[in-house]
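Peer 1: Contents of start.txt (compact mmCIF, N, CA, C and O atoms) are given next:
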```txt
# COMPACT_ATOMS: atom_id res chain seq x y z
N MET G 1 235.42 -35.81 110.64
CA MET G 1 235.26 -34.54 109.96
C MET G 1 236.55 -34.29 109.17
O MET G 1 237.64 -34.36 109.72
N ASP G 2 236.41 -33.99 107.90
CA ASP G 2 237.59 -33.69 107.09
C ASP G 2 237.91 -32.19 107.16
O ASP G 2 237.16 -31.40 107.75
N THR G 3 239.01 -31.80 106.56
CA THR G 3 239.49 -30.42 106.64
C THR G 3 238.50 -29.44 106.01
O THR G 3 238.25 -28.37 106.57
N LYS G 4 237.93 -29.80 104.88
CA LYS G 4 236.99 -28.90 104.20
C LYS G 4 235.77 -28.62 105.08
O LYS G 4 235.33 -27.46 105.22
N THR G 5 235.24 -29.65 105.71
CA THR G 5 234.09 -29.48 106.60
C THR G 5 234.46 -28.65 107.82
O THR G 5 233.70 -27.78 108.25
N LEU G 6 235.64 -28.88 108.36
CA LEU G 6 236.11 -28.10 109.50
C LEU G 6 236.24 -26.63 109.14
O LEU G 6 235.80 -25.75 109.88
N VAL G 7 236.80 -26.33 107.97
CA VAL G 7 236.93 -24.95 107.51
C VAL G 7 235.55 -24.32 107.32
O VAL G 7 235.33 -23.16 107.71
N ASP G 8 234.62 -25.07 106.77
CA ASP G 8 233.25 -24.56 106.58
C ASP G 8 232.61 -24.19 107.91
O ASP G 8 232.04 -23.11 108.07
N HIS G 9 232.68 -25.10 108.89
CA HIS G 9 232.10 -24.83 110.21
C HIS G 9 232.79 -23.67 110.91
O HIS G 9 232.13 -22.84 111.54
N LEU G 10 234.10 -23.61 110.80
CA LEU G 10 234.86 -22.53 111.41
C LEU G 10 234.48 -21.18 110.82
O LEU G 10 234.27 -20.20 111.54
N SER G 11 234.35 -21.13 109.51
CA SER G 11 233.99 -19.87 108.85
C SER G 11 232.58 -19.42 109.23
O SER G 11 232.33 -18.22 109.42
N LEU G 12 231.66 -20.35 109.39
CA LEU G 12 230.30 -20.00 109.80
C LEU G 12 230.23 -19.56 111.26
O LEU G 12 229.52 -18.61 111.59
N ASN G 13 230.97 -20.26 112.14
CA ASN G 13 230.91 -19.96 113.57
C ASN G 13 231.51 -18.62 113.94
O ASN G 13 231.02 -17.96 114.86
N ILE G 14 232.58 -18.21 113.26
CA ILE G 14 233.19 -16.93 113.63
C ILE G 14 233.01 -15.88 112.54
O ILE G 14 233.63 -14.82 112.61
N ASP G 15 232.15 -16.16 111.59
CA ASP G 15 231.74 -15.20 110.56
C ASP G 15 232.93 -14.58 109.81
O ASP G 15 233.11 -13.36 109.79
N ILE G 16 233.74 -15.47 109.22
CA ILE G 16 234.84 -15.04 108.36
C ILE G 16 234.75 -15.83 107.06
O ILE G 16 233.99 -16.80 106.96
N SER G 17 235.53 -15.43 106.07
CA SER G 17 235.50 -16.15 104.80
C SER G 17 236.16 -17.52 104.95
O SER G 17 236.92 -17.76 105.89
N LYS G 18 235.86 -18.40 104.01
CA LYS G 18 236.45 -19.74 104.05
C LYS G 18 237.96 -19.69 103.90
O LYS G 18 238.68 -20.47 104.52
N GLN G 19 238.47 -18.75 103.07
CA GLN G 19 239.91 -18.62 102.91
C GLN G 19 240.57 -18.17 104.21
O GLN G 19 241.62 -18.68 104.58
N GLU G 20 239.94 -17.23 104.91
CA GLU G 20 240.48 -16.78 106.19
C GLU G 20 240.45 -17.91 107.22
O GLU G 20 241.39 -18.07 108.00
N ALA G 21 239.39 -18.71 107.21
CA ALA G 21 239.29 -19.84 108.12
C ALA G 21 240.37 -20.88 107.81
O ALA G 21 240.99 -21.44 108.73
N ALA G 22 240.61 -21.13 106.53
CA ALA G 22 241.66 -22.08 106.14
C ALA G 22 243.03 -21.56 106.55
O ALA G 22 243.87 -22.33 107.04
N ASP G 23 243.26 -20.26 106.38
CA ASP G 23 244.53 -19.65 106.80
C ASP G 23 244.71 -19.74 108.31
O ASP G 23 245.80 -20.01 108.81
N LEU G 24 243.64 -19.50 109.05
CA LEU G 24 243.67 -19.58 110.50
C LEU G 24 244.00 -21.00 110.96
O LEU G 24 244.85 -21.20 111.83
N LEU G 25 243.35 -21.98 110.36
CA LEU G 25 243.60 -23.38 110.71
C LEU G 25 245.04 -23.77 110.37
O LEU G 25 245.71 -24.45 111.15
N ASP G 26 245.52 -23.32 109.22
CA ASP G 26 246.89 -23.61 108.81
C ASP G 26 247.90 -22.98 109.77
O ASP G 26 248.88 -23.61 110.16
N ALA G 27 247.64 -21.73 110.16
CA ALA G 27 248.54 -21.04 111.10
C ALA G 27 248.56 -21.75 112.45
O ALA G 27 249.62 -21.89 113.08
N PHE G 28 247.39 -22.20 112.89
CA PHE G 28 247.31 -22.91 114.17
C PHE G 28 248.11 -24.22 114.13
O PHE G 28 248.87 -24.52 115.04
N THR G 29 247.92 -25.00 113.09
CA THR G 29 248.63 -26.28 113.00
C THR G 29 250.14 -26.06 112.87
O THR G 29 250.92 -26.83 113.45
N ASN G 30 250.55 -25.01 112.16
CA ASN G 30 251.98 -24.71 112.07
C ASN G 30 252.55 -24.32 113.42
O ASN G 30 253.66 -24.74 113.79
N LEU G 31 251.81 -23.52 114.18
CA LEU G 31 252.27 -23.10 115.50
C LEU G 31 252.41 -24.29 116.44
O LEU G 31 253.41 -24.43 117.14
N VAL G 32 251.41 -25.18 116.46
CA VAL G 32 251.48 -26.37 117.31
C VAL G 32 252.66 -27.24 116.89
O VAL G 32 253.40 -27.74 117.74
N SER G 33 252.87 -27.40 115.59
CA SER G 33 253.99 -28.21 115.10
C SER G 33 255.33 -27.63 115.53
O SER G 33 256.21 -28.36 116.00
N GLU G 34 255.49 -26.32 115.39
CA GLU G 34 256.75 -25.67 115.76
C GLU G 34 257.04 -25.81 117.25
O GLU G 34 258.15 -26.14 117.66
N LYS G 35 256.04 -25.52 118.07
CA LYS G 35 256.24 -25.58 119.52
C LYS G 35 256.50 -27.00 120.00
O LYS G 35 257.33 -27.21 120.88
N CYS G 36 255.81 -27.98 119.44
CA CYS G 36 256.04 -29.36 119.84
C CYS G 36 257.40 -29.86 119.37
O CYS G 36 258.04 -30.66 120.05
N ALA G 37 257.86 -29.37 118.23
CA ALA G 37 259.21 -29.74 117.76
C ALA G 37 260.28 -29.18 118.68
O ALA G 37 261.37 -29.74 118.79
N GLN G 38 259.97 -28.08 119.37
CA GLN G 38 260.89 -27.47 120.34
C GLN G 38 260.70 -28.07 121.74
O GLN G 38 261.23 -27.55 122.72
N MET G 39 259.90 -29.14 121.85
CA MET G 39 259.61 -29.84 123.10
C MET G 39 258.81 -28.99 124.07
O MET G 39 258.88 -29.17 125.28
N ASP G 40 258.01 -28.06 123.56
CA ASP G 40 257.09 -27.27 124.37
C ASP G 40 255.70 -27.87 124.23
O ASP G 40 255.30 -28.28 123.15
N SER G 41 254.95 -27.90 125.32
CA SER G 41 253.57 -28.37 125.22
C SER G 41 252.68 -27.18 124.86
O SER G 41 253.00 -26.04 125.16
N VAL G 42 251.59 -27.47 124.19
CA VAL G 42 250.62 -26.45 123.78
C VAL G 42 249.30 -26.78 124.46
O VAL G 42 248.71 -27.83 124.20
N SER G 43 248.86 -25.88 125.33
CA SER G 43 247.64 -26.09 126.09
C SER G 43 246.53 -25.18 125.58
O SER G 43 246.75 -23.99 125.38
N ILE G 44 245.36 -25.75 125.37
CA ILE G 44 244.19 -25.01 124.92
C ILE G 44 243.14 -25.14 126.02
O ILE G 44 242.59 -26.23 126.22
N PRO G 45 242.87 -24.06 126.75
CA PRO G 45 241.92 -24.14 127.87
C PRO G 45 240.55 -24.67 127.42
O PRO G 45 240.01 -24.26 126.41
N GLY G 46 240.03 -25.61 128.19
CA GLY G 46 238.74 -26.20 127.88
C GLY G 46 238.79 -27.30 126.85
O GLY G 46 237.79 -27.96 126.59
N PHE G 47 239.93 -27.52 126.23
CA PHE G 47 240.06 -28.54 125.20
C PHE G 47 241.08 -29.60 125.59
O PHE G 47 240.77 -30.79 125.63
N GLY G 48 242.32 -29.19 125.84
CA GLY G 48 243.35 -30.15 126.22
C GLY G 48 244.73 -29.63 125.91
O GLY G 48 244.92 -28.45 125.61
N ALA G 49 245.71 -30.53 125.97
CA ALA G 49 247.10 -30.15 125.75
C ALA G 49 247.79 -31.15 124.84
O ALA G 49 247.61 -32.36 124.96
N PHE G 50 248.57 -30.61 123.91
CA PHE G 50 249.44 -31.42 123.05
C PHE G 50 250.81 -31.42 123.72
O PHE G 50 251.39 -30.37 123.96
N GLU G 51 251.31 -32.61 124.03
CA GLU G 51 252.58 -32.73 124.73
C GLU G 51 253.53 -33.65 123.99
O GLU G 51 253.20 -34.80 123.72
N PRO G 52 254.73 -33.15 123.65
CA PRO G 52 255.72 -34.04 123.04
C PRO G 52 256.41 -34.87 124.13
O PRO G 52 256.70 -34.37 125.21
N LYS G 53 256.62 -36.14 123.86
CA LYS G 53 257.29 -37.04 124.80
C LYS G 53 258.47 -37.68 124.07
O LYS G 53 258.32 -38.15 122.94
N LYS G 54 259.61 -37.68 124.71
CA LYS G 54 260.79 -38.30 124.11
C LYS G 54 260.83 -39.76 124.52
O LYS G 54 260.78 -40.08 125.71
N ARG G 55 260.91 -40.63 123.54
CA ARG G 55 261.01 -42.06 123.79
C ARG G 55 262.47 -42.47 123.60
O ARG G 55 263.08 -42.15 122.58
N MET G 56 262.99 -43.16 124.56
CA MET G 56 264.39 -43.58 124.52
C MET G 56 264.57 -44.74 123.53
O MET G 56 263.61 -45.40 123.15
N GLU G 57 265.83 -44.97 123.13
CA GLU G 57 266.08 -46.08 122.23
C GLU G 57 265.81 -47.39 122.97
O GLU G 57 265.93 -47.46 124.19
N ARG G 58 265.42 -48.40 122.21
CA ARG G 58 265.10 -49.68 122.82
C ARG G 58 265.38 -50.81 121.83
O ARG G 58 265.54 -50.58 120.64
N VAL G 59 265.42 -52.01 122.36
CA VAL G 59 265.64 -53.20 121.55
C VAL G 59 264.28 -53.81 121.21
O VAL G 59 263.42 -53.96 122.08
N MET G 60 264.09 -54.12 119.93
CA MET G 60 262.85 -54.72 119.46
C MET G 60 263.18 -56.08 118.85
O MET G 60 264.22 -56.25 118.24
N VAL G 61 262.30 -57.04 119.02
CA VAL G 61 262.47 -58.36 118.42
C VAL G 61 261.43 -58.52 117.32
O VAL G 61 260.24 -58.33 117.54
N MET G 62 261.91 -58.83 116.10
CA MET G 62 261.01 -59.07 114.98
C MET G 62 260.28 -60.39 115.22
O MET G 62 260.92 -61.43 115.37
N PRO G 63 258.94 -60.37 115.28
CA PRO G 63 258.21 -61.61 115.59
C PRO G 63 258.40 -62.72 114.56
O PRO G 63 258.47 -63.89 114.91
N SER G 64 258.51 -62.36 113.29
CA SER G 64 258.61 -63.39 112.25
C SER G 64 259.98 -64.06 112.20
O SER G 64 260.08 -65.25 111.92
N THR G 65 261.05 -63.31 112.47
CA THR G 65 262.40 -63.85 112.34
C THR G 65 263.10 -64.07 113.68
O THR G 65 264.07 -64.81 113.75
N GLY G 66 262.62 -63.40 114.73
CA GLY G 66 263.29 -63.49 116.02
C GLY G 66 264.54 -62.63 116.10
O GLY G 66 265.27 -62.66 117.08
N LYS G 67 264.80 -61.86 115.05
CA LYS G 67 265.98 -61.01 114.98
C LYS G 67 265.79 -59.77 115.86
O LYS G 67 264.73 -59.18 115.88
N ARG G 68 266.84 -59.40 116.58
CA ARG G 68 266.79 -58.24 117.46
C ARG G 68 267.28 -57.00 116.70
O ARG G 68 268.24 -57.06 115.96
N MET G 69 266.56 -55.89 116.92
CA MET G 69 266.92 -54.63 116.25
C MET G 69 266.90 -53.52 117.29
O MET G 69 266.13 -53.55 118.24
N LEU G 70 267.75 -52.52 117.07
CA LEU G 70 267.80 -51.36 117.95
C LEU G 70 266.98 -50.24 117.32
O LEU G 70 267.26 -49.80 116.20
N LEU G 71 265.93 -49.80 118.02
CA LEU G 71 265.12 -48.69 117.54
C LEU G 71 265.70 -47.40 118.09
O LEU G 71 265.96 -47.29 119.29
N PRO G 72 265.90 -46.40 117.25
CA PRO G 72 266.48 -45.14 117.71
C PRO G 72 265.48 -44.35 118.56
O PRO G 72 264.28 -44.59 118.50
N PRO G 73 265.98 -43.38 119.34
CA PRO G 73 265.06 -42.54 120.12
C PRO G 73 264.21 -41.69 119.19
O PRO G 73 264.61 -41.37 118.07
N LYS G 74 263.00 -41.35 119.66
CA LYS G 74 262.12 -40.53 118.84
C LYS G 74 261.23 -39.68 119.73
O LYS G 74 261.11 -39.92 120.93
N ILE G 75 260.60 -38.70 119.12
CA ILE G 75 259.67 -37.84 119.81
C ILE G 75 258.26 -38.21 119.35
O ILE G 75 257.99 -38.24 118.15
N ALA G 76 257.38 -38.47 120.30
CA ALA G 76 255.99 -38.82 120.01
C ALA G 76 255.10 -37.71 120.57
O ALA G 76 255.34 -37.20 121.66
N LEU G 77 254.09 -37.34 119.84
CA LEU G 77 253.17 -36.31 120.27
C LEU G 77 251.95 -36.96 120.91
O LEU G 77 251.33 -37.85 120.33
N THR G 78 251.63 -36.53 122.12
CA THR G 78 250.46 -37.06 122.81
C THR G 78 249.45 -35.94 123.03
O THR G 78 249.80 -34.77 123.04
N PHE G 79 248.20 -36.32 123.21
CA PHE G 79 247.15 -35.35 123.51
C PHE G 79 246.49 -35.75 124.81
O PHE G 79 246.09 -36.91 124.99
N LYS G 80 246.39 -34.80 125.72
CA LYS G 80 245.74 -35.04 127.00
C LYS G 80 244.51 -34.15 127.07
O LYS G 80 244.63 -32.92 127.13
N PRO G 81 243.31 -34.72 127.03
CA PRO G 81 242.09 -33.90 127.06
C PRO G 81 241.89 -33.25 128.42
O PRO G 81 242.28 -33.80 129.45
N SER G 82 241.27 -32.07 128.41
CA SER G 82 241.00 -31.37 129.66
C SER G 82 239.84 -32.03 130.39
O SER G 82 239.08 -32.81 129.81
N ALA G 83 239.69 -31.70 131.66
CA ALA G 83 238.60 -32.25 132.46
C ALA G 83 237.25 -31.80 131.88
O ALA G 83 236.29 -32.58 131.87
N MET G 84 237.18 -30.57 131.37
CA MET G 84 235.94 -30.06 130.80
C MET G 84 235.56 -30.85 129.55
O MET G 84 234.39 -31.20 129.36
N LEU G 85 236.53 -31.17 128.70
CA LEU G 85 236.25 -31.95 127.50
C LEU G 85 235.81 -33.36 127.86
O LEU G 85 234.85 -33.90 127.28
N LYS G 86 236.47 -33.96 128.85
CA LYS G 86 236.07 -35.31 129.28
C LYS G 86 234.64 -35.31 129.79
O LYS G 86 233.87 -36.22 129.50
N GLN G 87 234.29 -34.27 130.55
CA GLN G 87 232.93 -34.18 131.08
C GLN G 87 231.90 -34.02 129.96
O GLN G 87 230.86 -34.66 129.97
N ARG G 88 232.21 -33.21 128.95
CA ARG G 88 231.29 -33.01 127.82
C ARG G 88 231.12 -34.29 127.02
O ARG G 88 230.03 -34.58 126.49
N LEU G 89 232.17 -35.10 126.91
CA LEU G 89 232.08 -36.35 126.16
C LEU G 89 231.27 -37.41 126.92
O LEU G 89 230.64 -38.26 126.30
N ARG G 90 231.29 -37.33 128.25
CA ARG G 90 230.50 -38.27 129.04
C ARG G 90 229.01 -37.97 128.97
O ARG G 90 228.20 -38.85 129.20
N GLN G 91 228.66 -36.71 128.71
CA GLN G 91 227.25 -36.29 128.67
C GLN G 91 226.90 -35.81 127.27
O GLN G 91 226.79 -34.61 127.04
N PRO G 92 226.73 -36.73 126.32
CA PRO G 92 226.42 -36.29 124.95
C PRO G 92 225.02 -35.67 124.85
O PRO G 92 224.18 -35.88 125.71
N ASN G 93 224.81 -34.90 123.80
CA ASN G 93 223.53 -34.28 123.47
C ASN G 93 223.05 -33.27 124.51
O ASN G 93 221.86 -33.13 124.75
N LYS G 94 223.96 -32.57 125.13
CA LYS G 94 223.57 -31.52 126.07
C LYS G 94 224.17 -30.22 125.67
O LYS G 94 225.09 -30.06 125.05
```
Can you give me the file's structure in the form of structure tokens?
Peer 2:
Amino acid sequence: MDTKTLVDHLSLNIDISKQEAADLLDAFTNLVSEKCAQMDSVSIPGFGAFEPKKRMERVMVMPSTGKRMLLPPKIALTFKPSAMLKQRLRQPNK
């Protein structure tokens, strides 16, 4: 589903204009981005949680040259689905 389709469905489901739905979606993504950048997890009941994880620096070997390189530490964003979402995905069409 692309952004336009998501905005269309959102506007129909909660009976708001498409511009308001786009603004709502934009505000939500900005909030999740800000909180994850601050190393806070964002939990959505019934859906799941976005959790930032810090990866330590490590040594990588280039397969083609065999040269060793040091990769700097970074923050990776992970998503952990809730038990309710997992259950709904196991039972499609209900």
Peer 1: For each of G:Arg68, G:Ala21, G:Phe28, G:Pro81, take the minimum atom-to-atom distance to Phe50 in chain G, counting only C-alpha atoms, then give the residue where this is smallest.
Peer 2: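 Distance minimum relative to Phe50 in chain G lands on G:Pro81.
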Peer 1: Leaving out Met39 in chain G and any residue of its chain fewer than 4 positions from it, which residues lie within 6 Å of it when counting all atoms listed in the file, given as a PyMOL selection string?
Peer 2: chain G and resi 34-35+52
Peer 1: Please provide as a list in words all residues within 5 Å of Glu51 in chain G, with the sequence filter that same-chain residues fewer than 2 positions apart are discarded (counting only N, CA, C and O atoms).
Peer 2: Ser41, Ala49, Lys53, Ala76, Leu77, Thr78 and Phe79 of chain G
Peer 1: Please give the complete set of residues from chain G that DSSP, run on the backbone, assigns to helix (DSSP H, G or I), formatted as a PyMOL selection string.
Peer 2: chain G and resi 3-13+18-37+83-90
Peer 1: Between G:Ala22, G:Val42, G:Leu10, G:Phe47, single out the one closest to Leu89 in chain G, counting only C-alpha atoms.
Peer 2: G:Phe47
Peer 1: Go through G:Pro72, G:Asp23, G:Pro45, G:Arg58 one by one, measure the shortest atom-to-atom distance of each to Met84 in chain G using all atoms listed in the file, and give the residue with the smallest value.
Peer 2: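 Closest to Met84 in chain G of all the choices is G:Pro45.
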Peer 1: Pull range 62-85 of chain G out of the block and emit N, CA, C and O atoms, as a CSV table (one decimal), in the first residue's frame.
Peer 2:
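Writing done, so here's decode_23.csv:
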```csv
chain,number,residue,atom,x,y,z
G,62,MET,N,35.6,-7.3,3.6
G,62,MET,CA,35.1,-7.2,2.3
G,62,MET,C,35.3,-8.6,1.6
G,62,MET,O,36.4,-9.0,1.4
G,63,PRO,N,34.2,-9.2,1.1
G,63,PRO,CA,34.3,-10.5,0.5
G,63,PRO,C,35.2,-10.5,-0.8
G,63,PRO,O,35.9,-11.5,-1.0
G,64,SER,N,35.1,-9.4,-1.6
G,64,SER,CA,35.8,-9.4,-2.9
G,64,SER,C,37.3,-9.2,-2.7
G,64,SER,O,38.1,-9.8,-3.4
G,65,THR,N,37.8,-8.4,-1.7
G,65,THR,CA,39.2,-8.1,-1.5
G,65,THR,C,39.8,-8.7,-0.3
G,65,THR,O,41.0,-8.8,-0.2
G,66,GLY,N,39.0,-9.1,0.7
G,66,GLY,CA,39.5,-9.7,1.9
G,66,GLY,C,40.0,-8.6,2.8
G,66,GLY,O,40.6,-8.9,3.9
G,67,LYS,N,39.8,-7.3,2.5
G,67,LYS,CA,40.2,-6.2,3.3
G,67,LYS,C,39.3,-6.0,4.5
G,67,LYS,O,38.1,-6.1,4.4
G,68,ARG,N,39.9,-5.8,5.6
G,68,ARG,CA,39.2,-5.6,6.9
G,68,ARG,C,38.8,-4.1,7.0
G,68,ARG,O,39.7,-3.2,6.8
G,69,MET,N,37.6,-3.8,7.5
G,69,MET,CA,37.2,-2.4,7.7
G,69,MET,C,36.4,-2.4,9.0
G,69,MET,O,35.8,-3.3,9.5
G,70,LEU,N,36.5,-1.2,9.7
G,70,LEU,CA,35.8,-1.0,10.9
G,70,LEU,C,34.5,-0.2,10.6
G,70,LEU,O,34.6,0.9,10.1
G,71,LEU,N,33.4,-0.8,11.0
G,71,LEU,CA,32.1,-0.2,10.8
G,71,LEU,C,31.8,0.6,12.1
G,71,LEU,O,31.9,0.0,13.2
G,72,PRO,N,31.4,1.8,12.0
G,72,PRO,CA,31.1,2.6,13.2
G,72,PRO,C,29.8,2.2,13.8
G,72,PRO,O,29.0,1.5,13.2
G,73,PRO,N,29.6,2.5,15.1
G,73,PRO,CA,28.3,2.2,15.8
G,73,PRO,C,27.2,2.9,15.1
G,73,PRO,O,27.3,4.0,14.5
G,74,LYS,N,26.0,2.3,15.2
G,74,LYS,CA,24.8,2.9,14.6
G,74,LYS,C,23.6,2.5,15.3
G,74,LYS,O,23.6,1.6,16.1
G,75,ILE,N,22.5,3.2,15.1
G,75,ILE,CA,21.2,2.9,15.7
G,75,ILE,C,20.3,2.4,14.6
G,75,ILE,O,20.1,2.9,13.5
G,76,ALA,N,19.7,1.2,14.9
G,76,ALA,CA,18.8,0.5,13.9
G,76,ALA,C,17.4,0.5,14.6
G,76,ALA,O,17.3,0.3,15.8
G,77,LEU,N,16.4,0.7,13.8
G,77,LEU,CA,15.1,0.7,14.2
G,77,LEU,C,14.5,-0.7,14.0
G,77,LEU,O,14.5,-1.2,12.8
G,78,THR,N,13.9,-1.3,15.0
G,78,THR,CA,13.3,-2.6,14.8
G,78,THR,C,11.8,-2.4,15.2
G,78,THR,O,11.3,-1.5,15.9
G,79,PHE,N,11.0,-3.4,14.6
G,79,PHE,CA,9.6,-3.4,14.9
G,79,PHE,C,9.2,-4.8,15.5
G,79,PHE,O,9.6,-5.8,15.0
G,80,LYS,N,8.5,-4.7,16.6
G,80,LYS,CA,8.1,-6.0,17.3
G,80,LYS,C,6.6,-6.0,17.3
G,80,LYS,O,6.0,-5.2,18.0
G,81,PRO,N,6.0,-6.9,16.5
G,81,PRO,CA,4.5,-6.9,16.5
G,81,PRO,C,3.9,-7.4,17.8
G,81,PRO,O,4.5,-8.2,18.5
G,82,SER,N,2.7,-7.0,18.1
G,82,SER,CA,2.0,-7.4,19.3
G,82,SER,C,1.5,-8.8,19.1
G,82,SER,O,1.3,-9.3,18.0
G,83,ALA,N,1.1,-9.4,20.2
G,83,ALA,CA,0.5,-10.8,20.2
G,83,ALA,C,-0.8,-10.7,19.4
G,83,ALA,O,-1.1,-11.7,18.6
G,84,MET,N,-1.6,-9.7,19.6
G,84,MET,CA,-2.8,-9.5,18.9
G,84,MET,C,-2.6,-9.5,17.4
G,84,MET,O,-3.4,-10.1,16.6
G,85,LEU,N,-1.6,-8.7,16.9
G,85,LEU,CA,-1.4,-8.6,15.5
G,85,LEU,C,-0.9,-9.9,14.9
G,85,LEU,O,-1.3,-10.4,13.8
```
